[in-house]
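Have a look at start_39.csv below; it lists CSV, C-alpha atoms.
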chain,number,residue,atom,x,y,z
A,139,MET,CA,-16.7,-5.7,-17.6
A,140,SER,CA,-14.6,-4.1,-20.4
A,141,SER,CA,-11.4,-5.7,-21.5
A,142,PRO,CA,-8.8,-5.0,-18.8
A,143,LYS,CA,-5.5,-3.3,-19.6
A,144,VAL,CA,-2.4,-4.3,-17.8
A,145,GLU,CA,0.6,-2.0,-17.8
A,146,VAL,CA,3.8,-1.5,-15.8
A,147,VAL,CA,4.1,1.6,-13.7
A,148,VAL,CA,7.4,0.7,-11.9
A,149,LYS,CA,9.7,-1.4,-14.0
A,150,ALA,CA,11.3,-4.7,-13.1
A,151,CYS,CA,13.9,-5.0,-10.4
A,152,HIS,CA,11.7,-2.7,-8.2
A,153,ALA,CA,11.8,-5.4,-5.6
A,154,SER,CA,12.9,-9.0,-4.9
A,155,ILE,CA,9.6,-9.7,-3.2
A,156,GLY,CA,7.3,-6.8,-3.8
A,157,GLU,CA,4.4,-7.0,-1.4
A,158,GLY,CA,1.8,-5.1,0.7
A,159,PRO,CA,0.5,-2.4,-1.7
A,160,HIS,CA,-1.3,0.4,0.1
A,161,TRP,CA,-2.9,3.3,-1.7
A,162,ASP,CA,-2.5,6.6,0.2
A,163,VAL,CA,-5.4,8.8,-0.9
A,164,SER,CA,-4.1,12.1,0.5
A,165,SER,CA,-0.8,12.0,-1.5
A,166,GLN,CA,-2.1,9.9,-4.4
A,167,SER,CA,0.9,7.6,-3.8
A,168,LEU,CA,1.3,3.8,-3.6
A,169,TYR,CA,3.3,2.3,-0.8
A,170,THR,CA,4.8,-1.1,-1.1
A,171,VAL,CA,7.5,-3.2,0.6
A,172,ASP,CA,10.4,-5.4,-0.5
A,173,ILE,CA,10.4,-8.2,2.1
A,174,VAL,CA,13.9,-9.5,1.3
A,175,SER,CA,15.8,-6.1,1.3
A,176,GLY,CA,13.8,-4.5,4.0
A,177,GLY,CA,12.7,-1.8,1.6
A,178,VAL,CA,9.8,0.6,2.1
A,179,HIS,CA,8.9,2.1,-1.3
A,180,ARG,CA,6.7,5.1,-2.3
A,181,TRP,CA,5.5,5.7,-5.8
A,182,ASP,CA,4.0,9.1,-6.5
A,183,ALA,CA,1.3,8.6,-9.2
A,184,ARG,CA,1.2,12.3,-10.1
A,185,THR,CA,4.9,12.6,-10.8
A,186,GLY,CA,5.9,9.0,-11.5
A,187,LYS,CA,8.8,9.4,-9.0
A,188,GLU,CA,9.8,6.4,-6.8
A,189,SER,CA,11.6,6.8,-3.5
A,190,LYS,CA,12.5,4.2,-0.8
A,191,VAL,CA,13.9,3.6,2.7
A,192,ASN,CA,15.9,0.5,3.5
A,193,LEU,CA,15.4,-0.9,7.1
A,194,ASP,CA,17.4,-3.5,9.0
A,195,GLY,CA,15.5,-6.7,8.5
A,196,SER,CA,12.5,-8.1,6.7
A,197,VAL,CA,9.5,-5.8,6.1
A,198,GLY,CA,6.1,-7.5,5.7
A,199,PHE,CA,3.8,-4.5,5.4
A,200,VAL,CA,3.5,-0.7,5.3
A,201,ILE,CA,0.5,1.4,6.3
A,202,PRO,CA,0.4,5.2,7.0
A,203,ARG,CA,-0.1,6.2,10.6
A,204,GLU,CA,-2.6,9.0,11.3
A,205,LYS,CA,-0.3,10.5,13.9
A,206,GLY,CA,2.5,10.7,11.3
A,207,GLY,CA,5.0,8.3,9.8
A,208,LEU,CA,4.4,4.8,8.6
A,209,VAL,CA,3.6,1.7,10.6
A,210,VAL,CA,5.6,-1.3,9.3
A,211,GLY,CA,6.0,-5.0,10.1
A,212,LEU,CA,9.8,-5.1,10.7
A,213,ASN,CA,10.9,-8.6,11.6
A,214,ARG,CA,8.7,-9.6,14.6
A,215,THR,CA,7.9,-6.0,15.5
A,216,VAL,CA,5.2,-3.4,14.6
A,217,SER,CA,7.3,-0.3,14.3
A,218,VAL,CA,6.9,3.3,13.1
A,219,VAL,CA,9.3,4.7,10.6
A,220,ASP,CA,9.7,8.3,9.4
A,221,PHE,CA,10.1,8.1,5.7
A,222,ASP,CA,12.4,11.2,5.4
A,223,SER,CA,14.6,10.8,8.5
A,224,LYS,CA,14.5,6.9,8.5
A,225,LYS,CA,14.1,7.1,12.3
A,226,THR,CA,12.4,3.9,13.5
A,227,GLU,CA,10.5,3.2,16.8
A,228,VAL,CA,9.3,-0.2,18.0
A,229,LEU,CA,5.6,-0.1,19.1
A,230,VAL,CA,4.9,-3.9,19.6
A,231,GLU,CA,7.1,-7.0,19.6
A,232,VAL,CA,5.7,-10.6,19.5
A,233,GLU,CA,7.0,-14.1,19.4
A,234,ASN,CA,10.4,-13.5,21.1
A,235,GLY,CA,12.8,-16.3,20.7
A,236,THR,CA,11.5,-17.4,17.3
A,237,LYS,CA,12.6,-16.9,13.8
A,238,ASN,CA,9.1,-15.8,12.7
A,239,ARG,CA,8.4,-12.5,11.1
A,240,PHE,CA,5.3,-10.4,10.3
A,241,ASN,CA,3.8,-10.8,6.8
A,242,ASP,CA,0.7,-9.2,5.5
A,243,ALA,CA,-1.5,-6.7,7.4
A,244,LYS,CA,-4.4,-4.2,7.1
A,245,CYS,CA,-6.3,-1.8,9.4
A,246,ASP,CA,-10.0,-2.1,10.1
A,247,ALA,CA,-12.4,0.8,10.1
A,248,ALA,CA,-11.6,1.6,13.7
A,249,GLY,CA,-7.9,2.0,12.9
A,250,ARG,CA,-6.8,-1.2,14.6
A,251,LEU,CA,-4.0,-3.1,12.9
A,252,TRP,CA,-4.5,-6.8,12.0
A,253,ALA,CA,-1.3,-8.5,11.2
A,254,GLY,CA,-0.1,-12.1,10.9
A,255,THR,CA,3.2,-13.9,11.3
A,256,MET,CA,4.9,-16.8,9.6
A,257,GLY,CA,7.9,-19.0,10.0
A,258,PRO,CA,11.2,-18.8,8.0
A,259,GLU,CA,10.8,-19.3,4.2
A,260,SER,CA,14.0,-20.6,2.5
A,261,THR,CA,12.0,-21.7,-0.6
A,262,PRO,CA,9.1,-19.6,-1.9
A,263,GLY,CA,5.8,-20.9,-0.4
A,264,VAL,CA,7.6,-23.5,1.8
A,265,VAL,CA,7.6,-22.9,5.6
A,266,GLU,CA,7.4,-24.9,8.8
A,267,ALA,CA,3.8,-25.7,9.2
A,268,GLY,CA,1.6,-23.9,11.8
A,269,CYS,CA,4.2,-21.4,13.1
A,270,GLY,CA,2.2,-18.3,12.4
A,271,ASN,CA,-0.4,-16.4,14.4
A,272,LEU,CA,-2.9,-13.6,13.7
A,273,TYR,CA,-2.8,-10.5,15.9
A,274,CYS,CA,-4.9,-7.5,16.4
A,275,VAL,CA,-3.1,-4.4,17.7
A,276,ASN,CA,-5.5,-1.8,19.2
A,277,THR,CA,-5.1,1.9,19.0
A,278,ASP,CA,-3.8,1.9,22.6
A,279,LEU,CA,-1.1,-0.6,21.4
A,280,LYS,CA,-2.5,-3.4,23.5
A,281,TRP,CA,-2.6,-6.5,21.4
A,282,SER,CA,-4.3,-9.9,21.3
A,283,LYS,CA,-3.8,-13.1,19.5
A,284,GLN,CA,-6.9,-13.8,17.3
A,285,ASP,CA,-5.9,-17.1,15.6
A,286,SER,CA,-3.0,-19.5,15.6
A,287,LYS,CA,-1.4,-22.5,13.8
A,288,ILE,CA,-1.2,-20.4,10.6
A,289,ASP,CA,1.2,-21.5,7.8
A,290,ILE,CA,1.6,-18.4,5.8
A,291,SER,CA,-0.4,-15.4,7.0
A,292,ASN,CA,-1.7,-13.3,4.1
A,293,GLY,CA,-4.4,-11.1,2.7
A,294,ILE,CA,-7.0,-9.5,5.0
A,295,ASP,CA,-10.1,-7.3,4.3
A,296,TRP,CA,-13.6,-6.6,5.6
A,297,THR,CA,-17.1,-6.3,4.3
A,298,ASP,CA,-18.6,-2.8,4.1
A,299,ASP,CA,-20.9,-3.5,7.1
A,300,ASN,CA,-17.9,-4.7,9.2
A,301,THR,CA,-19.6,-8.0,10.0
A,302,ILE,CA,-17.2,-10.3,8.2
A,303,MET,CA,-13.4,-10.4,8.0
A,304,TYR,CA,-11.7,-12.3,5.2
A,305,TYR,CA,-8.2,-13.7,5.8
A,306,ILE,CA,-5.9,-16.0,3.8
A,307,ASP,CA,-3.7,-18.8,4.9
A,308,SER,CA,-1.7,-19.6,1.7
A,309,VAL,CA,-0.5,-23.2,2.3
A,310,PRO,CA,-4.0,-24.8,2.7
A,311,ARG,CA,-5.0,-22.6,-0.3
A,312,LYS,CA,-8.0,-21.0,1.4
A,313,VAL,CA,-9.6,-17.7,2.0
A,314,TYR,CA,-11.3,-17.8,5.4
A,315,ALA,CA,-14.3,-15.8,6.6
A,316,TYR,CA,-14.8,-14.9,10.3
A,317,ASP,CA,-17.6,-13.2,12.1
A,318,PHE,CA,-16.2,-9.8,13.0
A,319,ASP,CA,-17.0,-8.0,16.2
A,320,PHE,CA,-16.3,-4.4,15.2
A,321,ALA,CA,-16.9,-3.0,18.7
A,322,GLY,CA,-14.7,-5.4,20.5
A,323,GLY,CA,-12.1,-6.0,17.8
A,324,ASN,CA,-12.4,-9.8,17.8
A,325,VAL,CA,-13.1,-12.6,15.3
A,326,SER,CA,-14.9,-15.9,15.7
A,327,ASN,CA,-16.5,-18.7,13.7
A,328,ARG,CA,-13.9,-19.3,11.1
A,329,ARG,CA,-15.1,-21.0,7.9
A,330,THR,CA,-13.9,-21.4,4.3
A,331,ALA,CA,-15.1,-18.7,1.9
A,332,VAL,CA,-12.9,-19.6,-1.1
A,333,ASP,CA,-11.0,-22.9,-1.5
A,334,PHE,CA,-8.5,-22.8,-4.3
A,335,ASN,CA,-8.5,-26.6,-4.3
A,336,THR,CA,-12.0,-26.7,-5.6
A,337,ALA,CA,-12.4,-23.3,-7.3
A,338,GLY,CA,-10.2,-24.4,-10.3
A,339,VAL,CA,-7.4,-21.8,-9.5
A,340,LYS,CA,-3.7,-22.8,-9.5
A,341,GLY,CA,-1.1,-21.4,-7.2
A,342,LEU,CA,-1.2,-20.1,-3.7
A,343,PRO,CA,-3.6,-17.4,-2.6
A,344,ASP,CA,-1.5,-14.5,-1.4
A,345,GLY,CA,-2.5,-10.8,-0.8
A,346,MET,CA,-6.1,-9.7,-1.5
A,347,CYS,CA,-8.5,-6.7,-1.5
A,348,ILE,CA,-12.2,-6.2,-1.6
A,349,ASP,CA,-14.3,-4.1,-4.1
A,350,CYS,CA,-17.4,-2.0,-3.4
A,351,ASP,CA,-19.6,-4.9,-4.5
A,352,GLY,CA,-18.2,-7.1,-1.8
A,353,LYS,CA,-16.2,-9.3,-4.3
A,354,ILE,CA,-12.6,-10.2,-3.4
A,355,TRP,CA,-9.6,-10.0,-5.6
A,356,VAL,CA,-6.9,-12.5,-4.7
A,357,ALA,CA,-3.3,-12.6,-6.0
A,358,SER,CA,-2.2,-16.1,-7.1
A,359,PHE,CA,1.4,-16.8,-6.3
A,360,SER,CA,3.1,-19.1,-8.8
A,361,SER,CA,0.3,-18.9,-11.4
A,362,SER,CA,0.5,-15.4,-12.9
A,363,LYS,CA,-3.0,-14.3,-11.9
A,364,VAL,CA,-5.2,-12.1,-9.9
A,365,SER,CA,-8.7,-13.6,-9.5
A,366,GLN,CA,-12.0,-12.1,-8.5
A,367,PHE,CA,-14.3,-14.3,-6.4
A,368,ASP,CA,-17.7,-14.1,-4.9
A,369,PRO,CA,-16.9,-14.9,-1.3
A,370,THR,CA,-20.5,-15.8,-0.5
A,371,THR,CA,-20.5,-18.7,-3.0
A,372,GLY,CA,-16.8,-19.3,-3.4
A,373,LYS,CA,-17.1,-19.1,-7.2
A,374,LEU,CA,-14.5,-17.7,-9.5
A,375,MET,CA,-15.7,-14.6,-11.4
A,376,THR,CA,-12.8,-13.0,-13.3
A,377,THR,CA,-9.2,-13.6,-13.9
A,378,VAL,CA,-6.5,-11.2,-15.0
A,379,GLU,CA,-3.2,-12.6,-16.3
A,380,PHE,CA,0.3,-11.1,-15.9
A,381,PRO,CA,3.6,-11.6,-17.7
A,382,THR,CA,5.4,-13.0,-14.6
A,383,THR,CA,4.7,-16.0,-12.4
A,384,ASN,CA,4.8,-15.0,-8.7
A,385,ILE,CA,2.0,-12.4,-8.2
A,386,THR,CA,1.9,-11.4,-4.5
A,387,SER,CA,-0.8,-8.8,-3.7
A,388,CYS,CA,-3.2,-6.2,-5.0
A,389,CYS,CA,-5.0,-3.1,-4.0
A,390,PHE,CA,-7.3,-0.5,-5.5
A,391,GLY,CA,-6.1,3.0,-6.0
A,392,GLY,CA,-6.0,6.0,-8.4
A,393,PRO,CA,-8.2,9.1,-8.3
A,394,GLN,CA,-11.4,7.2,-8.6
A,395,LEU,CA,-10.1,4.0,-6.7
A,396,ASP,CA,-10.9,2.0,-9.9
A,397,GLU,CA,-7.3,1.1,-10.8
A,398,LEU,CA,-5.9,-2.2,-9.4
A,399,PHE,CA,-2.2,-2.1,-8.4
A,400,VAL,CA,-0.5,-5.4,-8.4
A,401,THR,CA,2.9,-6.5,-6.9
A,402,CYS,CA,5.0,-9.5,-7.7
A,403,SER,CA,8.3,-11.3,-6.8
A,404,GLN,CA,11.5,-12.2,-8.6
A,405,TRP,CA,13.0,-14.0,-5.6
A,406,LYS,CA,14.3,-17.5,-6.4
A,407,LEU,CA,12.5,-17.9,-9.7
A,408,PRO,CA,13.1,-21.3,-11.3
A,409,GLU,CA,16.5,-21.6,-13.0
A,410,GLY,CA,16.3,-20.5,-16.6
A,411,SER,CA,13.1,-18.5,-16.2
A,412,ASP,CA,12.9,-15.6,-18.7
A,413,GLN,CA,10.7,-13.1,-16.8
A,414,PRO,CA,11.9,-9.6,-17.4
A,415,MET,CA,8.8,-8.1,-15.7
A,416,ALA,CA,9.4,-10.0,-12.4
A,417,GLY,CA,9.7,-7.5,-9.5
A,418,SER,CA,7.6,-4.8,-11.3
A,419,ILE,CA,4.4,-3.0,-10.1
A,420,PHE,CA,1.5,-3.4,-12.5
A,421,LYS,CA,-1.6,-1.3,-12.9
A,422,VAL,CA,-4.9,-2.8,-14.2
A,423,THR,CA,-7.6,-0.6,-15.7
A,424,GLY,CA,-10.9,-1.3,-17.3
A,425,LEU,CA,-12.0,-3.8,-14.7
A,426,GLY,CA,-15.4,-2.2,-14.1
A,427,ALA,CA,-14.8,-2.4,-10.3
A,428,LYS,CA,-13.9,0.1,-7.6
A,429,GLY,CA,-12.3,-0.3,-4.2
A,430,ARG,CA,-12.6,1.8,-1.1
A,431,ALA,CA,-10.2,4.2,0.5
A,432,PRO,CA,-8.0,2.0,2.8
A,433,ASN,CA,-7.8,2.6,6.6
A,434,ASN,CA,-4.8,4.0,8.3
A,435,PHE,CA,-3.4,3.1,11.7
A,436,ARG,CA,-4.7,5.2,14.6
A,437,GLY,CA,-2.4,3.9,17.2
Translate this structure into structure tokens?
Amino acid sequence: MSSPKVEVVVKACHASIGEGPHWDVSSQSLYTVDIVSGGVHRWDARTGKESKVNLDGSVGFVIPREKGGLVVGLNRTVSVVDFDSKKTEVLVEVENGTKNRFNDAKCDAAGRLWAGTMGPESTPGVVEAGCGNLYCVNTDLKWSKQDSKIDISNGIDWTDDNTIMYYIDSVPRKVYAYDFDFAGGNVSNRRTAVDFNTAGVKGLPDGMCIDCDGKIWVASFSSSKVSQFDPTTGKLMTTVEFPTTNITSCCFGGPQLDELFVTCSQWKLPEGSDQPMAGSIFKVTGLGAKGRAPNNFRG
């Protein structure tokens, strides 16, 4: 791998908690969310222009919808928002009567949405234990609970052959692997693929993505890093450092899908922290790795 280059493409104060980066191949744009403000952001890589929509509540993820619009995790709902008109329509709602919210999500190769929930978070990384669940929302909008007793539901991705799904629960500091039933849209046989407690990586595993070689790239919240792991062995392969503490997620993008876009948070940084780049979007080049075009929601 050549020496990676880290640069800022959207400057600080872009977001309080920048999260959920999703590269849209058709428009060569990067979508992200700001969880705290309810912001849905779009950055056009060809023009450098950024635009946003603010929704009423917390937004955990954003993914383009093949029928049009964007599917977002708005509070406890999976909703569709039209970026230009700001019109919002609820598709699915879960966990009524709780203070939970959706966090991270991705779509599998069949266009189903996989999204997890978590409890209230008054301090970064501190939540009521076991409040979250993992859901699969099918293209007909029928949904099923796939796992439970999750602390902070986070990064999701799949192997190229669609036999394994990786999924992060941040508080136990683990990336899990499941057997993935592609035809049925179910997971089973959860086991640990990467354990931050034994891999020598500080911080909490947050968002993640997978490259074309089957290696996973995991954002490390509170430790200024994105780390590449071999999920078959659990071993650390590569680390990229950033000039701010709370790195939240990452995805591959760019014309050749060989640029890594990285989000971060400036929410409730320690008093006296001098982190002018907190809240920015970073781009990393020279990694010697490529990603895949992400899947959109077909519901």
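For the pair atom CA of A:Ser175 and atom CA of A:Leu208, the separation is 17.4 Å.
Residue nearest A:Asn384 within the list A:Asp295, A:Asp222, A:Glu157, A:Asp349: A:Glu157 [criterion: smallest interatomic distance, only C-alpha atoms].
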Inset, instruction - Compile the contact shell of A:Asp220 as a list in words: residues with an atom at most 9 Å away, counting only C-alpha atoms, same-chain residues fewer than 4 positions apart removed. - result: Gly206, Gly207, Leu208, Lys224, Lys225 and Thr226 of chain A
Legend entry - Interatomic distance, atom CA of A:Ser223 to atom CA of A:Pro202 (Å, one decimal): 15.3 Å
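Considering the residues A:Leu425, A:Leu342, A:Ala331, A:Ala248 and counting all atoms listed in the file, A:Lys363 has its shortest atom-to-atom contact with A:Leu342.
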What are the closest atom pairs, with distances in Å to one decimal, for all residues of stretch 331-428 of chain A lying within 10 Å of stretch 257-273 of chain A? Consider all atoms listed in the file, order rows by chain and residue number, and present the result as CSV.
residue,atom,partner,partner_atom,distance
A:Gly341,CA,A:Gly263,CA,9.7
A:Leu342,CA,A:Gly263,CA,7.8
A:Asp344,CA,A:Gly263,CA,9.8
A:Phe359,CA,A:Gly263,CA,8.4
A:Ser360,CA,A:Gly263,CA,9.0
A:Asn384,CA,A:Pro262,CA,9.3
A:Ser403,CA,A:Pro262,CA,9.7
A:Trp405,CA,A:Pro262,CA,7.8
A:Lys406,CA,A:Pro262,CA,7.2
A:Leu407,CA,A:Pro262,CA,8.7
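Atom pair atom CA of A:Pro408 / atom CA of A:Val356: separated by 22.8 Å.
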Legend entry - Nearest to A:Phe380, chosen from A:Gly345, A:Gly176, A:Gly417, A:Gly352, with all atoms listed in the file counted in the distances: A:Gly417
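Closest to A:Pro393 among A:Val148, A:Trp355, A:Ile155, A:Ala183 is A:Ala183, based on all atoms listed in the file.
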Inset, instruction - Write out as a PyMOL selection string the residues lying within 9 Å of stretch 277-294 of chain A, counting only C-alpha atoms and excluding same-chain residues fewer than 5 positions away. - result: chain A and resi 158+229-230+240-245+248-257+263-272+303-310+313+324-326+343-347+356-357+387+435-437
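Closest approach to A:Thr383 among A:Thr371, A:Ser358, A:Thr330, A:Gln366: A:Ser358, based on all atoms listed in the file.
Across A:Phe221, A:Leu398, A:Gly429, A:Gly198, the tightest approach to A:Glu145 is made by A:Leu398 when counting only C-alpha atoms.
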Legend entry - Close residues, A:His179 itself excluded, 6 Å, only C-alpha atoms, min 6 positions apart in chain, as a PyMOL selection string: chain A and resi 169-171+189-190
Inset, instruction - May I have the protein, DNA and RNA residues with an atom at most 12 Å from (-21.2, -17.7, -4.6), counting all atoms listed in the file in the file's coordinates, returned as JSON, numbers by chain? - result: {"A": [331, 332, 333, 337, 352, 353, 354, 366, 367, 368, 369, 370, 371, 372, 373, 374, 375]}
May I ask you to restore N, CA and C atoms in stretch 195-224 of chain A and write the result as a short mmCIF file (atom, residue, chain, number, x, y, z; two decimals), keeping the file's coordinate frame?
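File rebuild_32.cif, as written:
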data_model
loop_
_atom_site.label_atom_id
_atom_site.label_comp_id
_atom_site.auth_asym_id
_atom_site.auth_seq_id
_atom_site.Cartn_x
_atom_site.Cartn_y
_atom_site.Cartn_z
N GLY A 195 16.29 -5.48 8.27
CA GLY A 195 15.50 -6.70 8.50
C GLY A 195 14.47 -6.88 7.40
N SER A 196 13.58 -7.84 7.62
CA SER A 196 12.50 -8.10 6.70
C SER A 196 11.31 -7.18 7.01
N VAL A 197 10.67 -6.68 5.97
CA VAL A 197 9.50 -5.80 6.10
C VAL A 197 8.31 -6.47 5.46
N GLY A 198 7.26 -6.78 6.23
CA GLY A 198 6.10 -7.50 5.70
C GLY A 198 4.98 -6.61 5.23
N PHE A 199 4.87 -5.39 5.79
CA PHE A 199 3.80 -4.50 5.40
C PHE A 199 4.13 -3.06 5.69
N VAL A 200 3.40 -2.13 5.07
CA VAL A 200 3.50 -0.70 5.30
C VAL A 200 2.16 -0.07 5.25
N ILE A 201 1.81 0.75 6.27
CA ILE A 201 0.50 1.40 6.30
C ILE A 201 0.76 2.81 6.94
N PRO A 202 0.24 3.88 6.35
CA PRO A 202 0.40 5.20 7.00
C PRO A 202 -0.25 5.25 8.36
N ARG A 203 0.35 6.04 9.22
CA ARG A 203 -0.10 6.20 10.60
C ARG A 203 -0.72 7.63 10.71
N GLU A 204 -1.92 7.74 11.27
CA GLU A 204 -2.60 9.00 11.30
C GLU A 204 -1.83 10.06 12.13
N LYS A 205 -1.06 9.63 13.13
CA LYS A 205 -0.30 10.50 13.90
C LYS A 205 1.01 10.98 13.23
N GLY A 206 1.28 10.37 12.08
CA GLY A 206 2.50 10.70 11.30
C GLY A 206 3.39 9.47 11.19
N GLY A 207 4.10 9.41 10.10
CA GLY A 207 5.00 8.30 9.80
C GLY A 207 4.22 7.11 9.25
N LEU A 208 4.92 6.01 9.16
CA LEU A 208 4.40 4.80 8.60
C LEU A 208 4.54 3.67 9.61
N VAL A 209 3.52 2.85 9.75
CA VAL A 209 3.60 1.70 10.60
C VAL A 209 4.05 0.51 9.70
N VAL A 210 5.08 -0.24 10.11
CA VAL A 210 5.60 -1.30 9.30
C VAL A 210 5.75 -2.59 10.13
N GLY A 211 5.70 -3.72 9.45
CA GLY A 211 6.00 -5.00 10.10
C GLY A 211 7.47 -5.29 9.90
N LEU A 212 8.30 -4.93 10.84
CA LEU A 212 9.80 -5.10 10.70
C LEU A 212 10.17 -6.27 11.58
N ASN A 213 10.56 -7.35 10.90
CA ASN A 213 10.90 -8.60 11.60
C ASN A 213 9.67 -9.04 12.42
N ARG A 214 9.83 -9.16 13.74
CA ARG A 214 8.70 -9.60 14.60
C ARG A 214 8.06 -8.35 15.30
N THR A 215 8.39 -7.15 14.83
CA THR A 215 7.90 -6.00 15.50
C THR A 215 6.86 -5.21 14.59
N VAL A 216 5.98 -4.51 15.26
CA VAL A 216 5.20 -3.40 14.60
C VAL A 216 5.94 -2.15 15.01
N SER A 217 6.48 -1.47 14.02
CA SER A 217 7.30 -0.30 14.30
C SER A 217 6.80 0.89 13.45
N VAL A 218 7.18 2.08 13.88
CA VAL A 218 6.90 3.30 13.10
C VAL A 218 8.18 3.81 12.53
N VAL A 219 8.13 4.16 11.24
CA VAL A 219 9.30 4.70 10.60
C VAL A 219 8.94 6.05 9.95
N ASP A 220 9.81 7.02 10.11
CA ASP A 220 9.70 8.30 9.40
C ASP A 220 10.37 8.16 8.07
N PHE A 221 9.61 8.34 6.99
CA PHE A 221 10.10 8.10 5.70
C PHE A 221 11.33 8.97 5.32
N ASP A 222 11.32 10.21 5.79
CA ASP A 222 12.40 11.20 5.40
C ASP A 222 13.62 11.01 6.28
N SER A 223 13.44 10.86 7.59
CA SER A 223 14.60 10.80 8.50
C SER A 223 15.09 9.33 8.67
N LYS A 224 14.25 8.36 8.33
CA LYS A 224 14.50 6.90 8.50
C LYS A 224 14.54 6.52 9.98
#
